[in-house]
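This is model16.txt. It holds compact mmCIF, C-alpha atoms and all ligand atoms.
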```txt
# COMPACT_ATOMS: atom_id res chain seq x y z
CA MET A 1 130.34 104.53 110.25
CA LEU A 2 129.18 106.79 107.51
CA ILE A 3 129.91 110.00 109.26
CA SER A 4 132.79 111.85 107.93
CA GLN A 5 133.37 109.34 105.22
CA ARG A 6 131.30 111.39 102.87
CA LEU A 7 132.73 114.62 104.15
CA LEU A 8 136.17 113.25 104.12
CA SER A 9 136.33 111.22 100.97
CA GLU A 10 135.79 114.10 98.60
CA ASP A 11 139.45 114.78 98.17
CA THR A 12 141.16 113.77 94.97
CA ALA A 13 144.23 112.24 96.63
CA ALA A 14 144.90 108.51 96.36
CA PRO A 15 142.92 106.50 98.91
CA GLY A 16 144.79 105.45 102.01
CA SER A 17 147.45 108.14 101.87
CA ILE A 18 145.58 110.79 103.80
CA PRO A 19 143.91 109.83 107.08
CA ASP A 20 140.31 110.83 107.62
CA VAL A 21 141.07 112.43 110.94
CA SER A 22 144.14 113.84 112.67
CA VAL A 23 143.83 114.10 116.43
CA VAL A 24 146.17 116.79 117.79
CA VAL A 25 147.13 116.74 121.48
CA PRO A 26 149.50 119.17 123.20
CA VAL A 27 151.47 117.45 125.95
CA TYR A 28 153.19 119.16 128.85
CA ASN A 29 154.12 116.86 131.72
CA GLU A 30 151.23 114.42 131.33
CA VAL A 31 153.10 111.12 131.51
CA GLU A 32 150.47 109.32 133.61
CA SER A 33 147.54 110.39 131.45
CA LEU A 34 149.09 109.61 128.07
CA PRO A 35 148.63 105.81 127.90
CA HIS A 36 144.95 106.12 128.90
CA LEU A 37 144.43 108.93 126.41
CA ILE A 38 145.98 107.09 123.46
CA GLU A 39 143.93 103.99 124.22
CA ALA A 40 140.71 105.98 124.45
CA ILE A 41 141.34 107.78 121.17
CA ALA A 42 142.30 104.59 119.34
CA THR A 43 139.25 102.72 120.65
CA THR A 44 136.90 105.48 119.53
CA MET A 45 138.40 105.88 116.10
CA LEU A 46 138.57 102.15 115.39
CA ALA A 47 134.92 101.77 116.39
CA GLN A 48 134.08 104.43 113.81
CA GLU A 49 136.10 102.67 111.14
CA LEU A 50 137.84 105.92 110.38
CA SER A 51 141.47 106.09 109.39
CA TYR A 52 143.24 108.36 111.85
CA GLU A 53 146.56 109.58 113.16
CA ILE A 54 147.36 110.98 116.58
CA ILE A 55 149.78 113.89 116.59
CA CYS A 56 151.26 114.25 120.07
CA VAL A 57 153.19 117.48 120.47
CA ASP A 58 155.51 117.49 123.44
CA ASP A 59 155.83 121.03 124.72
CA GLY A 60 159.13 120.66 126.56
CA SER A 61 157.99 118.15 129.22
CA THR A 62 160.42 117.20 131.97
CA ASP A 63 158.54 114.25 133.49
CA GLY A 64 159.24 111.39 131.11
CA SER A 65 156.48 112.25 128.64
CA VAL A 66 159.13 112.64 125.94
CA GLN A 67 160.51 109.16 126.48
CA LEU A 68 157.05 107.66 126.52
CA LEU A 69 156.03 109.48 123.34
CA LYS A 70 159.18 108.31 121.58
CA GLU A 71 158.41 104.70 122.50
CA LEU A 72 154.79 105.00 121.47
CA ALA A 73 155.63 106.56 118.12
CA GLU A 74 158.26 103.94 117.41
CA THR A 75 156.04 100.98 118.23
CA ARG A 76 152.64 102.14 116.98
CA SER A 77 151.63 103.06 113.48
CA ASP A 78 148.97 105.59 114.52
CA ILE A 79 151.09 108.00 116.55
CA ARG A 80 153.33 110.76 115.34
CA ALA A 81 155.35 112.52 118.04
CA VAL A 82 156.45 116.09 117.48
CA LEU A 83 158.95 117.13 120.15
CA LEU A 84 159.43 120.85 120.69
CA ARG A 85 162.81 122.05 121.95
CA ARG A 86 161.42 123.81 125.01
CA ASN A 87 158.14 124.82 126.61
CA TYR A 88 156.45 127.26 124.25
CA GLY A 89 152.92 127.15 125.64
CA GLN A 90 149.73 125.40 124.60
CA THR A 91 148.99 127.62 121.60
CA ALA A 92 152.39 127.01 120.02
CA ALA A 93 152.14 123.29 120.73
CA MET A 94 148.74 123.15 119.03
CA ALA A 95 150.02 125.17 116.07
CA ALA A 96 152.90 122.70 115.67
CA GLY A 97 150.40 119.84 115.76
CA PHE A 98 148.18 121.45 113.13
CA LYS A 99 151.21 121.96 110.91
CA HIS A 100 152.10 118.25 111.07
CA ALA A 101 148.54 116.97 110.75
CA GLN A 102 147.63 115.47 107.39
CA GLY A 103 144.03 114.45 108.00
CA ARG A 104 141.06 115.86 106.14
CA ALA A 105 139.48 116.74 109.45
CA ILE A 106 141.48 117.81 112.46
CA VAL A 107 140.42 117.39 116.08
CA SER A 108 142.22 118.99 118.99
CA LEU A 109 141.92 117.97 122.62
CA ASP A 110 143.83 118.18 125.90
CA SER A 111 146.12 115.35 126.90
CA ASP A 112 145.07 115.35 130.56
CA LEU A 113 141.90 113.26 130.07
CA GLN A 114 139.67 116.22 130.94
CA ASN A 115 138.23 116.10 127.43
CA ASP A 116 136.64 112.80 126.44
CA PRO A 117 137.76 111.23 123.13
CA ALA A 118 134.36 109.50 122.98
CA ASP A 119 132.93 112.89 121.94
CA ILE A 120 135.04 113.02 118.76
CA PRO A 121 132.49 111.24 116.51
CA LEU A 122 129.79 113.72 117.56
CA LEU A 123 131.97 116.63 116.55
CA LEU A 124 132.82 114.96 113.22
CA ALA A 125 129.14 114.38 112.53
CA LYS A 126 128.55 118.10 112.99
CA LEU A 127 131.41 118.90 110.60
CA GLU A 128 129.71 116.71 108.08
CA GLU A 129 126.59 118.84 108.33
CA GLY A 130 128.62 121.52 106.60
CA TYR A 131 130.35 123.40 109.37
CA ASP A 132 134.01 124.36 109.14
CA LEU A 133 134.59 124.43 112.89
CA VAL A 134 132.76 122.70 115.73
CA SER A 135 133.65 123.84 119.22
CA GLY A 136 133.10 121.77 122.36
CA TRP A 137 131.02 123.25 125.16
CA ARG A 138 131.89 121.92 128.61
CA LEU A 139 128.38 122.01 129.96
CA HIS A 140 129.32 120.46 133.31
CA ARG A 141 132.85 121.68 133.69
CA GLN A 142 134.89 120.03 136.42
CA ASP A 143 137.27 122.76 137.54
CA ALA A 144 137.62 125.03 140.59
CA ALA A 145 134.64 127.38 140.73
CA LEU A 146 136.20 130.61 141.94
CA THR A 147 139.57 130.64 140.19
CA ARG A 148 138.58 128.96 136.94
CA LEU A 149 134.86 128.89 136.22
CA LEU A 150 134.05 132.47 137.21
CA PRO A 151 136.87 134.17 135.24
CA SER A 152 136.09 131.89 132.33
CA LYS A 153 132.39 132.83 132.40
CA ILE A 154 133.22 136.52 132.37
CA ALA A 155 135.85 136.07 129.65
CA ASN A 156 133.45 134.07 127.48
CA TRP A 157 130.82 136.76 127.82
CA ILE A 158 133.24 139.55 126.88
CA ILE A 159 134.72 137.57 123.99
CA GLY A 160 131.24 136.88 122.64
CA ARG A 161 130.31 140.54 122.83
CA VAL A 162 133.52 141.78 121.27
CA THR A 163 133.94 139.24 118.49
CA GLY A 164 130.29 138.72 117.68
CA VAL A 165 130.79 134.94 117.73
CA LYS A 166 128.19 133.65 120.16
CA ILE A 167 129.46 130.40 121.61
CA HIS A 168 129.49 129.52 125.30
CA ASP A 169 132.91 128.05 125.90
CA TYR A 170 135.89 129.44 124.05
CA GLY A 171 138.36 127.76 126.39
CA CYS A 172 137.37 124.19 125.52
CA SER A 173 140.25 122.55 123.68
CA LEU A 174 138.05 119.84 122.20
CA LYS A 175 137.26 121.18 118.76
CA ALA A 176 137.00 119.83 115.24
CA TYR A 177 138.05 121.67 112.12
CA ARG A 178 138.14 121.14 108.40
CA SER A 179 141.80 121.07 107.48
CA GLU A 180 141.44 123.77 104.81
CA LEU A 181 140.34 126.18 107.49
CA LEU A 182 143.41 125.67 109.65
CA ALA A 183 145.70 125.95 106.65
CA ASP A 184 144.55 129.56 106.34
CA MET A 185 145.24 130.53 109.93
CA ASN A 186 148.32 131.45 111.92
CA LEU A 187 148.33 131.31 115.70
CA TYR A 188 150.16 133.67 118.04
CA GLY A 189 150.18 134.46 121.76
CA GLU A 190 147.46 132.53 123.56
CA LEU A 191 145.25 132.70 120.54
CA HIS A 192 144.14 129.08 120.38
CA ARG A 193 141.05 129.91 122.40
CA PHE A 194 140.16 132.52 119.83
CA LEU A 195 140.27 130.05 116.97
CA PRO A 196 136.48 130.26 116.54
CA ALA A 197 136.71 134.06 116.40
CA LEU A 198 139.67 133.96 114.01
CA ALA A 199 137.88 131.41 111.89
CA PHE A 200 134.83 133.64 111.88
CA ILE A 201 137.00 136.49 110.56
CA GLU A 202 138.08 134.09 107.83
CA GLY A 203 134.44 133.53 106.94
CA ALA A 204 134.06 130.05 108.43
CA ARG A 205 130.78 128.39 109.45
CA ILE A 206 130.93 127.76 113.17
CA THR A 207 128.86 125.88 115.70
CA GLU A 208 129.15 124.36 119.17
CA LEU A 209 128.21 121.08 120.77
CA PRO A 210 127.92 120.11 124.45
CA VAL A 211 130.73 117.72 125.40
CA ARG A 212 131.73 115.78 128.50
CA HIS A 213 134.35 117.09 130.88
CA HIS A 214 136.17 115.24 133.65
CA ALA A 215 138.14 116.37 136.66
CA ARG A 216 141.89 115.98 136.32
CA ARG A 217 142.99 112.49 137.38
CA PHE A 218 146.75 112.89 137.15
CA GLY A 219 149.19 115.77 137.40
CA ARG A 220 148.00 119.33 137.84
CA SER A 221 146.74 122.26 135.81
CA LYS A 222 149.37 124.42 134.14
CA TYR A 223 147.39 127.60 134.51
CA GLY A 224 146.16 130.01 137.17
CA LEU A 225 144.40 133.34 137.33
CA ALA A 226 147.15 135.19 135.45
CA ARG A 227 145.88 133.66 132.24
CA THR A 228 142.72 135.80 132.36
CA PHE A 229 144.79 138.93 131.90
CA ARG A 230 146.65 137.52 128.92
CA VAL A 231 143.39 136.38 127.40
CA LEU A 232 141.96 139.88 127.68
CA MET A 233 145.03 141.39 125.99
CA ASP A 234 144.70 138.88 123.15
CA LEU A 235 141.07 139.83 122.89
CA LEU A 236 142.06 143.42 122.10
CA THR A 237 144.24 142.16 119.26
CA ILE A 238 141.42 140.06 117.90
CA TRP A 239 138.94 142.91 118.14
CA PHE A 240 141.29 145.14 116.19
CA MET A 241 141.98 142.47 113.59
CA LYS A 242 138.31 141.80 113.10
CA LYS A 243 137.36 145.42 112.69
CA PHE A 244 140.27 147.17 111.10
CA LEU A 245 142.87 144.75 109.79
CA THR A 246 142.39 145.75 106.20
CA ARG A 247 141.63 149.40 106.91
CA PRO A 248 143.66 150.73 109.87
CA MET A 249 143.42 154.26 108.51
CA HIS A 250 139.73 154.21 109.35
CA VAL A 251 140.54 154.16 113.06
CA PHE A 252 143.78 156.07 113.33
CA GLY A 253 142.91 158.51 110.57
CA LEU A 254 139.55 159.30 112.13
CA PHE A 255 140.89 159.91 115.65
CA GLY A 256 143.86 161.80 114.22
CA LEU A 257 141.63 164.12 112.22
CA LEU A 258 139.25 164.68 115.15
CA SER A 259 142.15 165.54 117.42
CA MET A 260 143.66 167.93 114.88
CA LEU A 261 140.32 169.57 114.24
CA LEU A 262 139.73 170.21 117.92
CA GLY A 263 143.29 171.53 118.24
CA LEU A 264 142.74 173.89 115.33
CA LEU A 265 139.46 175.16 116.81
CA LEU A 266 141.01 175.83 120.20
CA GLY A 267 144.07 177.34 118.51
CA SER A 268 141.90 179.75 116.49
CA TYR A 269 140.07 180.76 119.64
CA LEU A 270 143.35 181.46 121.44
CA THR A 271 144.69 183.41 118.45
CA PHE A 272 141.52 185.47 118.49
CA VAL A 273 141.90 186.15 122.21
CA LYS A 274 145.53 187.14 121.72
CA LEU A 275 145.22 189.29 118.58
CA ALA A 276 141.71 190.77 118.81
CA LEU A 277 141.35 191.15 122.56
CA GLY A 278 145.02 191.69 123.23
CA GLU A 279 145.04 189.32 126.23
CA SER A 280 148.07 187.25 127.16
CA ILE A 281 147.59 183.50 126.50
CA GLY A 282 151.01 182.21 127.59
CA ASN A 283 149.79 180.99 130.99
CA ARG A 284 146.53 179.38 129.90
CA PRO A 285 146.13 175.59 130.30
CA LEU A 286 144.07 175.66 127.13
CA LEU A 287 147.25 176.43 125.20
CA ILE A 288 148.84 173.21 126.42
CA LEU A 289 145.72 171.25 125.46
CA THR A 290 145.78 172.82 121.99
CA VAL A 291 149.39 171.84 121.42
CA VAL A 292 148.83 168.29 122.71
CA LEU A 293 145.75 167.81 120.50
CA LEU A 294 147.57 169.03 117.40
CA LEU A 295 150.62 166.85 118.04
CA ALA A 296 148.55 163.77 118.92
CA GLY A 297 146.44 164.33 115.81
CA VAL A 298 149.47 164.43 113.52
CA GLN A 299 150.93 161.35 115.17
CA LEU A 300 147.74 159.30 115.00
CA PHE A 301 147.30 160.26 111.39
CA SER A 302 150.82 159.28 110.38
CA PHE A 303 150.55 156.11 112.44
CA GLY A 304 147.46 155.23 110.42
CA LEU A 305 149.42 155.68 107.20
CA LEU A 306 152.21 153.47 108.53
CA ALA A 307 149.69 150.85 109.61
CA GLU A 308 148.24 150.87 106.09
CA LEU A 309 151.69 150.14 104.70
CA MET A 310 152.30 147.39 107.26
CA MET A 311 148.93 145.85 106.56
CA ARG A 312 149.78 145.62 102.88
CA THR A 313 153.14 144.03 103.70
CA TYR A 314 151.36 141.62 106.06
CA HIS A 315 149.01 140.41 103.40
CA GLU A 316 151.36 140.45 100.44
CA SER A 317 154.42 138.93 102.12
CA GLN A 318 152.40 135.89 103.13
CA GLY A 319 150.37 135.71 99.97
CA ARG A 320 147.26 136.28 102.10
CA PRO A 321 144.35 137.60 100.11
CA ILE A 322 141.94 139.91 101.92
CA TYR A 323 139.12 137.46 101.16
CA ARG A 324 138.57 133.71 101.40
CA VAL A 325 136.93 131.66 98.66
CA ARG A 326 134.74 128.80 99.86
CA GLN A 327 134.40 127.10 96.50
CA VAL A 328 134.56 127.87 92.81
CA ILE A 329 131.91 126.27 90.62
CA GLU A 330 133.22 125.90 87.10
CA PRO A 331 130.78 126.30 84.21
CA GLY A 332 129.17 123.02 83.21
CA VAL A 333 130.77 121.03 86.04
CA LYS A 334 128.60 119.59 88.78
CA ASN A 335 130.98 119.97 91.67
CA GLY A 336 133.73 122.59 91.79
CA LYS A 337 136.16 119.95 92.96
CA GLU A 338 135.68 117.77 89.89
CA ARG A 339 137.85 119.88 87.66
CA GLY A 340 140.46 117.13 87.46
CA ASN A 341 137.97 114.78 85.76
CA LEU A 342 137.37 116.95 82.73
CA PRO A 343 138.52 115.43 79.46
N1 LIG B 401 149.86 122.40 127.81
C1 LIG B 401 150.92 122.54 126.94
N2 LIG B 401 151.85 123.52 127.19
C2 LIG B 401 151.76 124.36 128.27
C3 LIG B 401 150.64 124.20 129.13
C4 LIG B 401 149.71 123.21 128.87
O1 LIG B 401 151.05 121.81 125.96
O2 LIG B 401 152.63 125.20 128.46
C5 LIG B 401 148.86 121.34 127.53
C6 LIG B 401 148.61 120.40 128.70
O3 LIG B 401 149.47 119.29 128.67
C7 LIG B 401 147.17 119.99 128.47
C8 LIG B 401 146.57 121.22 127.82
O4 LIG B 401 147.64 121.99 127.31
O5 LIG B 401 147.07 118.93 127.56
C9 LIG B 401 145.71 122.02 128.79
O6 LIG B 401 146.45 122.32 129.94
P1 LIG B 401 145.80 122.24 131.39
O7 LIG B 401 145.06 120.96 131.55
O8 LIG B 401 146.87 122.54 132.39
O9 LIG B 401 144.77 123.44 131.33
P2 LIG B 401 143.34 123.49 132.05
O10 LIG B 401 142.59 122.26 131.63
O11 LIG B 401 143.61 123.50 133.51
O12 LIG B 401 142.74 124.75 131.53
MG MG B 402 143.16 120.37 131.78
```

Serialized structure, structure tokens:
Amino acid sequence: MLISQRLLSEDTAAPGSIPDVSVVVPVYNEVESLPHLIEAIATTMLAQELSYEIICVDDGSTDGSVQLLKELAETRSDIRAVLLRRNYGQTAAMAAGFKHAQGRAIVSLDSDLQNDPADIPLLLAKLEEGYDLVSGWRLHRQDAALTRLLPSKIANWIIGRVTGVKIHDYGCSLKAYRSELLADMNLYGELHRFLPALAFIEGARITELPVRHHARRFGRSKYGLARTFRVLMDLLTIWFMKKFLTRPMHVFGLFGLLSMLLGLLLGSYLTFVKLALGESIGNRPLLILTVVLLLAGVQLFSFGLLAELMMRTYHESQGRPIYRVRQVIEPGVKNGKERGNLP
């Protein structure tokens, strides 16, 4: 179909060498689901007449998934298997998949058949409308209500408030991205669910789309309640990155100065009491508070300076500019990407 072909054929590379879409799936002990999943993805993509590749990242499975992936990759031309040395977690597995994906658009989804590959064309169509990231929204999510849905609802609400990115379902793995966007982003911790927020920090255009969701047919979920805690910790990181990554001194410097100022005020008062009124101040709790405020102030302030240095190293060592350019329009050229055609 036409979708994505326009979006995806803009690149200057020789036709045929770069697939339209890379489908990235993290795999951890999903041997029974895999054959169904691959079939479903292939059927959908072929029906769309899109060139595609499936990047299966094995995240240290112990159930025969590795063997199956090896066979599939050796016998089929549309599967690339990336085998990690041990279990690193879903975020790392997805990051490895993104790294090996060559497509112009990249789609991620779970390998347990909970996401439905039939939704992929809808996401791609949205990308074509001009978005950089389209996130799935599991409107009728098929998971346990108390241990999964409730924590997820609360987490989604908090994440939305903190990051300012208002989408309903951060946890949905089914997402589509323009490849340029992912090339700019590094993933750590459990950060894959924050991809929309991270992308937003990078200036991306983001939207969401209701998608299907099925109950698990094979195997079992790899997560429990403990994940909520880790997600909240990651959220703190994201919040800090969004607000202060390029200006840490604005937080630490401010609190440091406030603390020092208060310490100085209290200190002056105590000095006055001691010198002018001649009272003893050695046993006053206020003295301890004064000392703590002064010390904390100095420490926060110097920490801010250190953070400024580290921030510069962070950006410069990776060649990361503090801004992202969407497109450059050259003078007298219709489309910024047509530079190569100039005489
Ligand atoms: N997964 C992974 N590494 C892990 C845990 C999970 O690659 O350490 C994969 C897993 O195979 C699945 C996806 O991540 O494709 C989501 O995992 P799961 O279905 O257990 O999560 P849930 O749907 O219950 O949130
Ligand atoms: Mg699942």

Can you work out which residues are within 9 Å of ligand LIG 401 (chain B), considering only C-alpha atoms and all ligand atoms, and then hand them over as a PyMOL selection string? chain A and resi 25-30+57-61+87-94+109-115+143+148+171-173+215-216+219-224

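With only C-alpha atoms and all ligand atoms as the atoms that count, the minimum distance from ligand MG 402 (chain B) to the choices A:Ala144, A:Ile38, A:Leu181, A:Val82 is reached by A:Ala144.
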
Neighbour residues at most 12 Å from (144.8, 141.1, 124.2) (only C-alpha atoms) as a ChimeraX atom specification: /A:155,158-159,162,188-191,193-194,227-241

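Pairwise distance (CA of Arg80 in chain A, CA of Gln318 in chain A) equals 28.0 Å.
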
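Once Met260 in chain A and its same-chain neighbours fewer than 2 positions away are set aside, Phe255, Gly256, Leu257, Leu258, Leu262, Gly263, Leu264, Leu265, Thr290, Leu293, Leu294, Leu295, Ala296, Gly297 and Val298 of chain A remain within 9 Å of it when counting only C-alpha atoms.
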
For a cutoff of 9 Å around the file-coordinate point (133.4, 126.5, 124.4), which residues qualify once you count only C-alpha atoms? I'd like the result as a ChimeraX atom specification. /A:135-139,156,167-175,193,208-210

File of the preceding selection, C-alpha atoms, as an mmCIF file, in the frame of the given file:
```
data_model
loop_
_atom_site.group_PDB
_atom_site.id
_atom_site.type_symbol
_atom_site.label_atom_id
_atom_site.label_comp_id
_atom_site.auth_asym_id
_atom_site.auth_seq_id
_atom_site.Cartn_x
_atom_site.Cartn_y
_atom_site.Cartn_z
ATOM 1 C CA SER A 135 133.650 123.840 119.220
ATOM 2 C CA GLY A 136 133.100 121.770 122.360
ATOM 3 C CA TRP A 137 131.020 123.250 125.160
ATOM 4 C CA ARG A 138 131.890 121.920 128.610
ATOM 5 C CA LEU A 139 128.380 122.010 129.960
ATOM 6 C CA ASN A 156 133.450 134.070 127.480
ATOM 7 C CA ILE A 167 129.460 130.400 121.610
ATOM 8 C CA HIS A 168 129.490 129.520 125.300
ATOM 9 C CA ASP A 169 132.910 128.050 125.900
ATOM 10 C CA TYR A 170 135.890 129.440 124.050
ATOM 11 C CA GLY A 171 138.360 127.760 126.390
ATOM 12 C CA CYS A 172 137.370 124.190 125.520
ATOM 13 C CA SER A 173 140.250 122.550 123.680
ATOM 14 C CA LEU A 174 138.050 119.840 122.200
ATOM 15 C CA LYS A 175 137.260 121.180 118.760
ATOM 16 C CA ARG A 193 141.050 129.910 122.400
ATOM 17 C CA GLU A 208 129.150 124.360 119.170
ATOM 18 C CA LEU A 209 128.210 121.080 120.770
ATOM 19 C CA PRO A 210 127.920 120.110 124.450
#
```

In Å, with one decimal, what is the gap from CA of Arg212 in chain A to CA of Asp116 in chain A? 6.1 Å

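Coordinates place CA of His213 in chain A at a distance of 6.5 Å from CA of His140 in chain A.
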
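Closest approach to ligand MG 402 (chain B) among A:Thr43, A:Gln102, A:Ser22, A:Gln142 is made by A:Gln142 (distances from all atoms listed in the file).
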
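Using only C-alpha atoms for every distance, the candidate list A:Leu286, A:Ala105, A:Ala204, A:Ile120 yields A:Ile120 as the residue closest to Leu46 in chain A.
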
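Distances to ligand MG 402 (chain B) were evaluated for A:Ser259, A:Ser33, A:Thr246, A:Ser302 using only C-alpha atoms and all ligand atoms, and the minimum falls at A:Ser33.
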
Counting all atoms listed in the file, what is within 12 Å of range 70-76 of chain A, bar same-chain residues fewer than 5 positions away, as a ChimeraX atom specification? /A:31,34-35,38-39,42,53-58,64-65,81-83

Selection file, C-alpha atoms, as a compact mmCIF listing (two decimals), in the frame of the given file:
```
# COMPACT_ATOMS: atom_id res chain seq x y z
CA VAL A 31 153.10 111.12 131.51
CA LEU A 34 149.09 109.61 128.07
CA PRO A 35 148.63 105.81 127.90
CA ILE A 38 145.98 107.09 123.46
CA GLU A 39 143.93 103.99 124.22
CA ALA A 42 142.30 104.59 119.34
CA GLU A 53 146.56 109.58 113.16
CA ILE A 54 147.36 110.98 116.58
CA ILE A 55 149.78 113.89 116.59
CA CYS A 56 151.26 114.25 120.07
CA VAL A 57 153.19 117.48 120.47
CA ASP A 58 155.51 117.49 123.44
CA GLY A 64 159.24 111.39 131.11
CA SER A 65 156.48 112.25 128.64
CA ALA A 81 155.35 112.52 118.04
CA VAL A 82 156.45 116.09 117.48
CA LEU A 83 158.95 117.13 120.15
```

With distances taken over only C-alpha atoms and all ligand atoms, which residue among A:Arg217, A:Pro151, A:Tyr52, A:Leu187 lies nearest ligand MG 402 (chain B)? A:Arg217

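Comparing A:Val165, A:His214, A:Val107, A:Leu149 by their smallest distance to ligand MG 402 (chain B), the closest is A:His214 (using all atoms listed in the file).
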
Give me the residues near Gly130 in chain A as a list of chain:residue names, where near means some atom within 9 Å (using all atoms listed in the file) and where sequence neighbours in that chain fewer than 2 positions away do not count. A:Leu7, A:Lys126, A:Leu127, A:Glu128, A:Asp132, A:Arg205
